[in-house]
file protein.pdb (PDB, C-alpha atoms)
ATOM      1  CA  MET A   1      11.736   7.271 -32.144
ATOM      2  CA  ILE A   2       9.029   5.125 -33.687
ATOM      3  CA  SER A   3       9.761   3.177 -36.849
ATOM      4  CA  VAL A   4       7.206   1.764 -39.279
ATOM      5  CA  ALA A   5       8.001  -1.601 -40.863
ATOM      6  CA  LEU A   6       5.904  -1.501 -44.031
ATOM      7  CA  CYS A   7       5.867  -4.520 -46.332
ATOM      8  CA  THR A   8       4.511  -4.291 -49.852
ATOM      9  CA  HIS A   9       3.823  -6.430 -52.888
ATOM     10  CA  ASN A  10       2.081  -4.811 -55.844
ATOM     11  CA  GLY A  11       0.540  -2.311 -53.458
ATOM     12  CA  ALA A  12       0.058   0.696 -55.728
ATOM     13  CA  ARG A  13      -3.721   0.556 -55.433
ATOM     14  CA  PHE A  14      -3.841   1.440 -51.715
ATOM     15  CA  ILE A  15      -0.341   2.403 -50.574
ATOM     16  CA  GLY A  16      -0.809   6.148 -51.081
ATOM     17  CA  GLU A  17      -3.741   6.277 -48.664
ATOM     18  CA  GLN A  18      -1.818   4.252 -46.101
ATOM     19  CA  ILE A  19       1.225   6.549 -46.317
ATOM     20  CA  ARG A  20      -0.998   9.596 -45.868
ATOM     21  CA  SER A  21      -2.602   8.069 -42.762
ATOM     22  CA  ILE A  22       0.867   7.513 -41.300
ATOM     23  CA  CYS A  23       1.893  11.097 -42.028
ATOM     24  CA  LEU A  24      -1.278  12.453 -40.421
ATOM     25  CA  GLN A  25      -0.577  10.775 -37.078
ATOM     26  CA  THR A  26      -0.728  13.128 -34.115
ATOM     27  CA  LEU A  27       2.591  11.522 -33.192
ATOM     28  CA  PRO A  28       4.311  10.845 -36.534
ATOM     29  CA  PRO A  29       7.005   8.179 -36.788
ATOM     30  CA  GLY A  30      10.621   9.076 -37.428
ATOM     31  CA  GLU A  31      11.033   6.631 -40.290
ATOM     32  CA  ILE A  32       9.274   4.224 -42.615
ATOM     33  CA  VAL A  33      11.192   1.171 -43.771
ATOM     34  CA  LEU A  34       9.414  -0.067 -46.893
ATOM     35  CA  SER A  35      10.426  -3.606 -47.813
ATOM     36  CA  ASP A  36       9.018  -4.456 -51.218
ATOM     37  CA  ASP A  37       8.679  -8.083 -52.264
ATOM     38  CA  ALA A  38       9.347  -8.238 -56.004
ATOM     39  CA  SER A  39       6.522  -5.922 -57.073
ATOM     40  CA  THR A  40       5.794  -5.378 -60.741
ATOM     41  CA  ASP A  41       3.742  -2.198 -60.272
ATOM     42  CA  ASP A  42       4.736   1.356 -59.337
ATOM     43  CA  GLY A  43       3.818   1.057 -55.643
ATOM     44  CA  ILE A  44       7.197   2.331 -54.438
ATOM     45  CA  GLU A  45       6.879   5.525 -56.479
ATOM     46  CA  VAL A  46       3.292   5.978 -55.304
ATOM     47  CA  ALA A  47       4.534   5.747 -51.708
ATOM     48  CA  ARG A  48       7.307   8.267 -52.311
ATOM     49  CA  ALA A  49       4.909  10.666 -54.025
ATOM     50  CA  ALA A  50       2.406  10.390 -51.159
ATOM     51  CA  LEU A  51       5.124  11.209 -48.626
ATOM     52  CA  ARG A  52       6.277  14.236 -50.645
ATOM     53  CA  GLU A  53       2.666  15.419 -50.836
ATOM     54  CA  CYS A  54       2.327  15.123 -47.046
ATOM     55  CA  GLU A  55       5.562  17.025 -46.436
ATOM     56  CA  ARG A  56       4.330  19.885 -48.635
ATOM     57  CA  ALA A  57       0.968  19.977 -46.878
ATOM     58  CA  LYS A  58       2.391  19.640 -43.367
ATOM     59  CA  PRO A  59       5.424  21.950 -42.911
ATOM     60  CA  GLY A  60       7.938  20.568 -40.450
ATOM     61  CA  LEU A  61       6.989  16.945 -41.072
ATOM     62  CA  SER A  62      10.150  14.871 -41.364
ATOM     63  CA  ILE A  63       9.814  11.147 -41.976
ATOM     64  CA  ASP A  64      12.735   9.233 -43.430
ATOM     65  CA  LEU A  65      11.558   6.739 -46.075
ATOM     66  CA  ARG A  66      13.995   3.910 -46.747
ATOM     67  CA  VAL A  67      13.207   1.345 -49.418
ATOM     68  CA  ILE A  68      14.465  -2.239 -49.698
ATOM     69  CA  GLU A  69      13.653  -4.143 -52.891
ATOM     70  CA  ASN A  70      13.638  -7.940 -52.847
ATOM     71  CA  LEU A  71      14.456 -10.059 -55.884
ATOM     72  CA  PRO A  72      13.557 -12.899 -55.567
ATOM     73  CA  PRO A  73      10.671 -12.368 -53.114
ATOM     74  CA  LEU A  74      11.160 -13.276 -49.445
ATOM     75  CA  ARG A  75       7.469 -13.959 -48.765
ATOM     76  CA  VAL A  76       5.516 -12.509 -45.850
ATOM     77  CA  THR A  77       7.354 -13.719 -42.744
ATOM     78  CA  LYS A  78      10.890 -13.056 -43.971
ATOM     79  CA  ASN A  79       9.899  -9.773 -45.593
ATOM     80  CA  PHE A  80       8.595  -8.457 -42.269
ATOM     81  CA  GLU A  81      11.689  -9.778 -40.506
ATOM     82  CA  GLN A  82      13.885  -7.882 -42.936
ATOM     83  CA  ALA A  83      11.891  -4.676 -42.528
ATOM     84  CA  ALA A  84      11.902  -4.918 -38.723
ATOM     85  CA  LEU A  85      15.643  -5.587 -38.531
ATOM     86  CA  ALA A  86      16.284  -2.526 -40.687
ATOM     87  CA  CYS A  87      14.329  -0.270 -38.321
ATOM     88  CA  LYS A  88      16.223   2.070 -35.992
ATOM     89  CA  GLY A  89      13.436   3.195 -33.675
ATOM     90  CA  ASP A  90      12.877   2.074 -30.104
ATOM     91  CA  LEU A  91       9.333   1.065 -31.086
ATOM     92  CA  ILE A  92       8.445  -0.727 -34.322
ATOM     93  CA  ALA A  93       4.947  -0.540 -35.777
ATOM     94  CA  LEU A  94       4.139  -3.300 -38.250
ATOM     95  CA  CYS A  95       2.232  -2.031 -41.255
ATOM     96  CA  ASP A  96       0.354  -3.561 -44.192
ATOM     97  CA  GLN A  97       0.165  -1.758 -47.507
ATOM     98  CA  ASP A  98      -3.613  -1.563 -47.760
ATOM     99  CA  ASP A  99      -4.884  -0.395 -44.357
ATOM    100  CA  VAL A 100      -5.541   3.081 -42.950
ATOM    101  CA  TRP A 101      -4.416   4.199 -39.514
ATOM    102  CA  HIS A 102      -6.645   6.317 -37.282
ATOM    103  CA  PRO A 103      -4.939   9.639 -36.449
ATOM    104  CA  ASP A 104      -4.179   8.921 -32.778
ATOM    105  CA  ARG A 105      -2.974   5.336 -33.248
ATOM    106  CA  LEU A 106       0.722   5.865 -32.571
ATOM    107  CA  ALA A 107       0.147   8.419 -29.803
ATOM    108  CA  ARG A 108      -2.172   6.045 -27.926
ATOM    109  CA  ILE A 109       0.202   3.125 -28.226
ATOM    110  CA  ALA A 110       3.403   5.055 -27.500
ATOM    111  CA  ALA A 111       1.833   6.358 -24.291
ATOM    112  CA  GLU A 112       1.274   2.786 -23.115
ATOM    113  CA  PHE A 113       4.908   1.859 -23.723
ATOM    114  CA  GLU A 114       6.062   5.021 -21.975
ATOM    115  CA  ARG A 115       3.882   4.235 -18.969
ATOM    116  CA  ARG A 116       4.823   0.558 -18.796
ATOM    117  CA  PRO A 117       8.542  -0.197 -19.191
ATOM    118  CA  GLU A 118       7.896  -3.943 -18.888
ATOM    119  CA  LEU A 119       5.625  -3.991 -21.947
ATOM    120  CA  LEU A 120       7.205  -5.704 -24.963
ATOM    121  CA  LEU A 121       4.339  -5.892 -27.447
ATOM    122  CA  LEU A 122       0.920  -4.280 -27.779
ATOM    123  CA  HIS A 123      -1.826  -5.038 -30.280
ATOM    124  CA  THR A 124      -5.323  -3.683 -30.826
ATOM    125  CA  ASP A 125      -8.662  -4.318 -32.424
ATOM    126  CA  ALA A 126      -9.453  -2.956 -35.901
ATOM    127  CA  ARG A 127     -12.478  -1.794 -37.867
ATOM    128  CA  LEU A 128     -13.201  -4.032 -40.852
ATOM    129  CA  VAL A 129     -13.745  -2.111 -44.074
ATOM    130  CA  GLY A 130     -14.115  -3.023 -47.730
ATOM    131  CA  ALA A 131     -11.949  -2.060 -50.679
ATOM    132  CA  ALA A 132     -13.538   1.399 -50.832
ATOM    133  CA  ARG A 133     -13.304   1.726 -47.015
ATOM    134  CA  GLN A 134     -16.993   1.078 -46.565
ATOM    135  CA  ASP A 135     -17.805  -0.101 -43.046
ATOM    136  CA  LEU A 136     -18.390  -3.865 -43.056
ATOM    137  CA  GLY A 137     -20.213  -3.669 -39.735
ATOM    138  CA  GLY A 138     -17.784  -5.599 -37.619
ATOM    139  CA  SER A 139     -14.397  -5.579 -35.965
ATOM    140  CA  LEU A 140     -11.335  -7.784 -36.240
ATOM    141  CA  PHE A 141     -11.951  -9.256 -32.789
ATOM    142  CA  HIS A 142     -15.537 -10.072 -33.766
ATOM    143  CA  ALA A 143     -14.278 -11.887 -36.857
ATOM    144  CA  LEU A 144     -11.790 -13.832 -34.737
ATOM    145  CA  GLU A 145     -14.515 -14.663 -32.199
ATOM    146  CA  VAL A 146     -12.355 -13.316 -29.375
ATOM    147  CA  LYS A 147     -13.794 -14.327 -26.015
ATOM    148  CA  PRO A 148     -13.911 -12.081 -22.920
ATOM    149  CA  PHE A 149     -11.817 -14.561 -20.922
ATOM    150  CA  GLU A 150      -9.075 -14.414 -23.574
ATOM    151  CA  LEU A 151      -8.860 -10.638 -23.240
ATOM    152  CA  ASP A 152      -8.952 -10.943 -19.444
ATOM    153  CA  TRP A 153      -6.071 -13.423 -19.542
ATOM    154  CA  ILE A 154      -3.977 -11.123 -21.729
ATOM    155  CA  HIS A 155      -4.682  -8.116 -19.506
ATOM    156  CA  GLY A 156      -3.831 -10.235 -16.473
ATOM    157  CA  GLY A 157      -0.411 -11.334 -17.712
ATOM    158  CA  ARG A 158      -1.451 -14.696 -19.154
ATOM    159  CA  ALA A 159      -0.964 -13.907 -22.832
ATOM    160  CA  PHE A 160       1.278 -16.949 -23.273
ATOM    161  CA  ASP A 161      -1.553 -19.249 -22.178
ATOM    162  CA  VAL A 162      -3.847 -17.596 -24.724
ATOM    163  CA  PHE A 163      -1.334 -17.892 -27.557
ATOM    164  CA  LEU A 164      -0.717 -21.574 -26.822
ATOM    165  CA  ARG A 165      -4.401 -22.045 -27.642
ATOM    166  CA  ARG A 166      -4.454 -19.795 -30.722
ATOM    167  CA  ASN A 167      -2.962 -16.582 -32.042
ATOM    168  CA  LEU A 168      -4.989 -13.407 -31.544
ATOM    169  CA  VAL A 169      -2.319 -10.914 -32.633
ATOM    170  CA  THR A 170      -2.684  -9.381 -36.095
ATOM    171  CA  GLY A 171       0.500  -7.743 -37.321
ATOM    172  CA  ALA A 172      -1.235  -4.756 -38.861
ATOM    173  CA  THR A 173      -2.364  -3.702 -35.360
ATOM    174  CA  THR A 174       0.915  -4.446 -33.578
ATOM    175  CA  VAL A 175       3.716  -2.338 -32.102
ATOM    176  CA  PHE A 176       6.669  -3.836 -30.216
ATOM    177  CA  ARG A 177       9.976  -2.811 -28.679
ATOM    178  CA  ARG A 178      12.933  -3.241 -31.022
ATOM    179  CA  SER A 179      14.741  -5.053 -28.188
ATOM    180  CA  LEU A 180      12.404  -8.027 -28.775
ATOM    181  CA  LEU A 181      14.219  -8.794 -32.038
ATOM    182  CA  ALA A 182      17.280  -9.972 -30.109
ATOM    183  CA  GLN A 183      15.259 -13.013 -28.998
ATOM    184  CA  ALA A 184      12.741 -13.329 -31.842
ATOM    185  CA  ALA A 185      15.038 -13.142 -34.871
ATOM    186  CA  PRO A 186      15.443 -15.048 -37.047
ATOM    187  CA  PHE A 187      11.740 -15.700 -37.619
ATOM    188  CA  PRO A 188      11.020 -19.310 -38.676
ATOM    189  CA  VAL A 189       9.197 -19.400 -42.013
ATOM    190  CA  GLU A 190       6.776 -21.977 -40.611
ATOM    191  CA  TRP A 191       5.317 -19.253 -38.374
ATOM    192  CA  LEU A 192       3.638 -16.025 -39.424
ATOM    193  CA  HIS A 193       5.670 -13.034 -38.280
ATOM    194  CA  ASP A 194       2.959 -11.656 -35.988
ATOM    195  CA  GLU A 195       2.176 -14.890 -34.149
ATOM    196  CA  TRP A 196       5.899 -15.572 -33.679
ATOM    197  CA  LEU A 197       6.661 -12.117 -32.293
ATOM    198  CA  ALA A 198       3.639 -12.347 -30.004
ATOM    199  CA  ILE A 199       4.420 -15.727 -28.464
ATOM    200  CA  ILE A 200       8.125 -14.961 -27.990
ATOM    201  CA  ALA A 201       7.232 -11.646 -26.343
ATOM    202  CA  ALA A 202       4.716 -13.395 -24.083
ATOM    203  CA  ALA A 203       7.307 -16.041 -23.132
ATOM    204  CA  ILE A 204       9.920 -13.537 -21.964
ATOM    205  CA  GLY A 205       7.942 -10.440 -20.982
ATOM    206  CA  ARG A 206       4.599  -8.675 -21.001
ATOM    207  CA  VAL A 207       2.115  -8.494 -23.864
ATOM    208  CA  ASP A 208      -1.140  -6.573 -23.724
ATOM    209  CA  VAL A 209      -4.032  -5.518 -25.914
ATOM    210  CA  LEU A 210      -6.039  -2.340 -26.436
ATOM    211  CA  GLU A 211      -9.612  -3.246 -27.262
ATOM    212  CA  ASP A 212     -10.092  -0.081 -29.344
ATOM    213  CA  GLU A 213     -10.237  -0.079 -33.145
ATOM    214  CA  LEU A 214      -7.175   1.977 -34.115
ATOM    215  CA  ILE A 215      -6.912   1.079 -37.800
ATOM    216  CA  ASP A 216      -9.214   0.390 -40.712
ATOM    217  CA  TYR A 217      -8.354  -3.181 -41.712
ATOM    218  CA  ARG A 218      -9.184  -3.390 -45.390
ATOM    219  CA  GLN A 219     -10.734  -6.586 -46.750
ATOM    220  CA  HIS A 220     -10.497  -7.095 -50.490
ATOM    221  CA  GLU A 221      -9.912  -9.737 -53.133
ATOM    222  CA  SER A 222      -6.109  -9.479 -52.990
ATOM    223  CA  ASN A 223      -5.598  -9.856 -49.225
ATOM    224  CA  GLN A 224      -2.782 -12.250 -48.404
ATOM    225  CA  ILE A 225      -4.191 -12.572 -44.887
ATOM    226  CA  GLY A 226      -7.655 -11.290 -44.105
ATOM    227  CA  ALA A 227     -10.307 -11.579 -41.411
ATOM    228  CA  GLN A 228     -13.675 -13.213 -41.847
ATOM    229  CA  ARG A 229     -15.920 -14.734 -39.195
ATOM    230  CA  ASP A 230     -16.795 -18.323 -40.054
ATOM    231  CA  SER A 231     -20.450 -19.099 -40.598
ATOM    232  CA  PHE A 232     -21.950 -22.206 -38.996
ATOM    233  CA  ARG A 233     -21.868 -23.893 -42.388
ATOM    234  CA  ARG A 234     -18.163 -23.097 -42.779
ATOM    235  CA  LYS A 235     -17.422 -24.512 -39.326
ATOM    236  CA  VAL A 236     -19.174 -27.750 -40.275
ATOM    237  CA  GLN A 237     -17.196 -27.890 -43.532
ATOM    238  CA  LYS A 238     -13.951 -27.505 -41.587
ATOM    239  CA  ALA A 239     -14.960 -30.245 -39.166
ATOM    240  CA  LEU A 240     -15.518 -32.646 -42.063
ATOM    241  CA  ALA A 241     -12.578 -31.522 -44.195
ATOM    242  CA  SER A 242      -9.449 -33.533 -44.849
ATOM    243  CA  ARG A 243      -6.920 -33.596 -42.017
ATOM    244  CA  GLY A 244      -4.059 -33.461 -44.489
ATOM    245  CA  ASP A 245      -0.785 -32.533 -42.784
ATOM    246  CA  THR A 246      -2.283 -29.735 -40.648
ATOM    247  CA  HIS A 247      -1.469 -31.335 -37.323
ATOM    248  CA  VAL A 248       1.977 -32.470 -38.451
ATOM    249  CA  LYS A 249       2.775 -28.855 -39.318
ATOM    250  CA  ARG A 250       1.418 -27.623 -35.980
ATOM    251  CA  ALA A 251       3.560 -30.144 -34.137
ATOM    252  CA  PHE A 252       6.633 -28.963 -36.037
ATOM    253  CA  LYS A 253       5.823 -25.353 -35.162
ATOM    254  CA  ALA A 254       5.665 -26.367 -31.499
ATOM    255  CA  GLU A 255       9.061 -28.072 -31.866
ATOM    256  CA  LEU A 256      10.530 -24.865 -33.294
ATOM    257  CA  LEU A 257       9.063 -22.828 -30.451
ATOM    258  CA  LEU A 258      10.430 -25.204 -27.826
ATOM    259  CA  ALA A 259      13.891 -25.122 -29.392
ATOM    260  CA  ARG A 260      13.955 -21.314 -29.450
ATOM    261  CA  LEU A 261      12.755 -20.952 -25.854
ATOM    262  CA  LEU A 262      15.317 -23.476 -24.646
ATOM    263  CA  ALA A 263      18.013 -21.504 -26.464
ATOM    264  CA  LEU A 264      16.958 -18.359 -24.571
ATOM    265  CA  GLY A 265      17.988 -19.959 -21.291
ATOM    266  CA  ASP A 266      17.157 -18.074 -18.112
ATOM    267  CA  LEU A 267      14.966 -15.571 -19.961
ATOM    268  CA  VAL A 268      12.216 -18.202 -20.051
ATOM    269  CA  ALA A 269      10.630 -19.657 -16.922
ATOM    270  CA  ALA A 270      10.727 -23.418 -16.405
ATOM    271  CA  GLU A 271       6.914 -23.379 -16.141
ATOM    272  CA  THR A 272       6.703 -21.853 -19.621
ATOM    273  CA  ILE A 273       8.969 -24.546 -21.052
ATOM    274  CA  GLY A 274       6.786 -27.173 -19.433
ATOM    275  CA  LYS A 275       3.679 -25.746 -21.070
ATOM    276  CA  VAL A 276       5.296 -25.880 -24.500
ATOM    277  CA  ARG A 277       6.361 -29.495 -23.947
ATOM    278  CA  ASP A 278       2.745 -30.346 -23.096
ATOM    279  CA  LYS A 279       1.546 -28.441 -26.167
ATOM    280  CA  LEU A 280       3.981 -30.401 -28.341
ATOM    281  CA  GLU A 281       2.791 -33.701 -26.889
ATOM    282  CA  HIS A 282      -0.810 -32.729 -27.627
ATOM    283  CA  GLN A 283      -0.016 -31.755 -31.218
ATOM    284  CA  ARG A 284       1.890 -34.996 -31.774
ATOM    285  CA  PHE A 285      -1.103 -36.892 -30.402
ATOM    286  CA  ARG A 286      -3.407 -35.165 -32.883
ATOM    287  CA  ALA A 287      -1.006 -35.761 -35.768
ATOM    288  CA  ALA A 288      -0.836 -39.484 -34.978
ATOM    289  CA  LEU A 289      -4.585 -40.157 -34.756
ATOM    290  CA  PRO A 290      -5.655 -43.147 -36.847
ATOM    291  CA  PRO A 291      -7.349 -42.681 -40.233
ATOM    292  CA  ARG A 292     -10.602 -44.452 -39.308
ATOM    293  CA  ARG A 293     -12.972 -42.176 -37.407
ATOM    294  CA  VAL A 294     -14.370 -44.926 -35.183
ATOM    295  CA  THR A 295     -10.903 -45.771 -33.861
ATOM    296  CA  ARG A 296     -10.291 -42.135 -32.874
ATOM    297  CA  VAL A 297     -13.188 -41.957 -30.425
ATOM    298  CA  VAL A 298     -11.575 -43.475 -27.327
ATOM    299  CA  PRO A 299      -8.165 -41.728 -27.603
ATOM    300  CA  VAL A 300      -9.777 -38.371 -28.382
ATOM    301  CA  LEU A 301     -12.110 -38.606 -25.404
ATOM    302  CA  ARG A 302      -9.199 -39.574 -23.149
ATOM    303  CA  GLU A 303      -7.232 -36.557 -24.368
ATOM    304  CA  ALA A 304     -10.258 -34.356 -23.798
ATOM    305  CA  LEU A 305     -10.577 -35.602 -20.217
ATOM    306  CA  LYS A 306      -6.975 -34.515 -19.621
ATOM    307  CA  GLY A 307      -8.113 -30.991 -20.506
ATOM    308  CA  ARG A 308      -5.627 -30.566 -23.333
ATOM    309  CA  TYR A 309      -8.132 -29.637 -26.013
ATOM    310  CA  GLN A 310      -9.204 -26.712 -23.841
ATOM    311  CA  LYS A 311      -5.669 -25.827 -22.759
ATOM    312  CA  PHE A 312      -4.069 -25.970 -26.201
ATOM    313  CA  GLY A 313      -6.972 -25.357 -28.574
ATOM    314  CA  ARG A 314     -10.558 -24.295 -28.775
ATOM    315  CA  GLY A 315     -12.038 -27.012 -26.611
ATOM    316  CA  VAL A 316     -15.066 -28.815 -27.996
ATOM    317  CA  ARG A 317     -14.381 -27.468 -31.490
ATOM    318  CA  GLY A 318     -11.061 -29.331 -31.579
ATOM    319  CA  VAL A 319     -12.642 -32.522 -30.247
ATOM    320  CA  VAL A 320     -15.316 -32.438 -32.953
ATOM    321  CA  ARG A 321     -12.755 -31.844 -35.690
ATOM    322  CA  ASP A 322     -10.571 -34.735 -34.545
ATOM    323  CA  LEU A 323     -13.580 -37.062 -34.415
ATOM    324  CA  PHE A 324     -14.986 -36.129 -37.814
ATOM    325  CA  GLU A 325     -12.183 -34.858 -40.057
ATOM    326  CA  SER A 326     -11.498 -37.054 -43.057
ATOM    327  CA  VAL A 327      -8.014 -38.305 -43.902
TER     328      VAL A 327
END

call {"tool": "encode", "arguments": {"input": "protein.pdb", "output": "structure tokens"}}
result
Amino acid sequence: MISVALCTHNGARFIGEQIRSICLQTLPPGEIVLSDDASTDDGIEVARAALRECERAKPGLSIDLRVIENLPPLRVTKNFEQAALACKGDLIALCDQDDVWHPDRLARIAAEFERRPELLLLHTDARLVGAARQDLGGSLFHALEVKPFELDWIHGGRAFDVFLRRNLVTGATTVFRRSLLAQAAPFPVEWLHDEWLAIIAAAIGRVDVLEDELIDYRQHESNQIGAQRDSFRRKVQKALASRGDTHVKRAFKAELLLARLLALGDLVAAETIGKVRDKLEHQRFRAALPPRRVTRVVPVLREALKGRYQKFGRGVRGVVRDLFESV
């Protein structure tokens, strides 16, 4: 059985269309677990009504809808953790309230898991659309500036190396085996649910990607997490922006990852642990850089010569940011 872990917060505007797209799958799920985070609108009733409408229009359709209501709110990461843990299916499809699934999404993905028993998590590209589902002329991977070598690495079994550099997994496109939760839960709140699931899956098993656009990923003014390709001007602004505590937070996230992988014992290869230790050292280096730009030049160039900016970040982009970011 396939379960859908659907998280909502004031989602009445779009949730009906999303529920209908789930019901119209060529391979419908067995259940939807809707975990609502302290909504003040009627989104839950809209979802229930949409499911009833689908069942009337599609005789024989049987999808169990279970609702969990959170007061106070859990926020994104813990809300998705709660929804996933409540799922009963062998496969769990993460689901946002405002997207639309293409009809063959679950069938395409389920076939991959059936064919590949070693596969723990699979994600895909998505078509970017506006609030009214107008085509925005790009894909999620285009917005993320996904490089061919990153896709090649994931296909070739090197997803962990990719995710140590940056996360490319968007939850709304993701399906994973429920067995992954035994190692991934509890999710640390410092990580987004999708990046945490992806890197844990890559550390202990196989992750892959389908480069097809299998959902419409809606971009609108209320997105909690959206996708937008940075312009050159925006990249320059980021390079000159305040460092703040960004690198301190990234170092702490690496500490949390290392602690979890160590706790998993023999499930994680010693080489993988070594990579995370190196990642942590790099993040601590970046967090400890001096305030004055001129005094950063020599240490940053030394770190670049070690290859760590390329191994654990986006190469030259990270070097430029560390040289020019303000305090």

call {"tool": "residues_near_point", "arguments": {"input": "protein.pdb", "point": "(-15.9, 1.0, -47.4)", "cutoff": "12 Å", "atoms": "all atoms listed in the file", "output": "list in words"}}
result
Asp99, Val100, Arg127, Leu128, Val129, Gly130, Ala131, Ala132, Arg133, Gln134, Asp135, Leu136, Gly137, Gly138, Asp216, Tyr217, Arg218, Gln219 and His220 of chain A

call {"tool": "closest_residue", "arguments": {"input": "protein.pdb", "among": "A:Leu305, A:Leu71, A:Leu85, A:Val294", "to": "Leu181 in chain A", "atoms": "only C-alpha atoms"}}
result
A:Leu85

call {"tool": "axis_aligned_box", "arguments": {"input": "protein.pdb", "around": "range 58-69 of chain A", "padding_each_side": "5 Å", "output": "AutoDock Vina command-line options"}}
result
--center_x 8.4 --center_y 8.9 --center_z -46.7 --size_x 22.1 --size_y 36.1 --size_z 22.4

call {"tool": "residues_around", "arguments": {"input": "protein.pdb", "residues": "range 74-79 of chain A", "least_positions_apart": "5", "cutoff": "8 Å", "atoms": "only C-alpha atoms", "output": "list in words"}}
result
Cys7, Ser35, Asp36, Asp37, Phe187, Pro188, Val189, Trp191, Leu192 and His193 of chain A

call {"tool": "closest_residue", "arguments": {"input": "protein.pdb", "among": "A:Val67, A:Ala287, A:Ile204, A:Ala143", "to": "Val327 in chain A", "atoms": "only C-alpha atoms"}}
result
A:Ala287
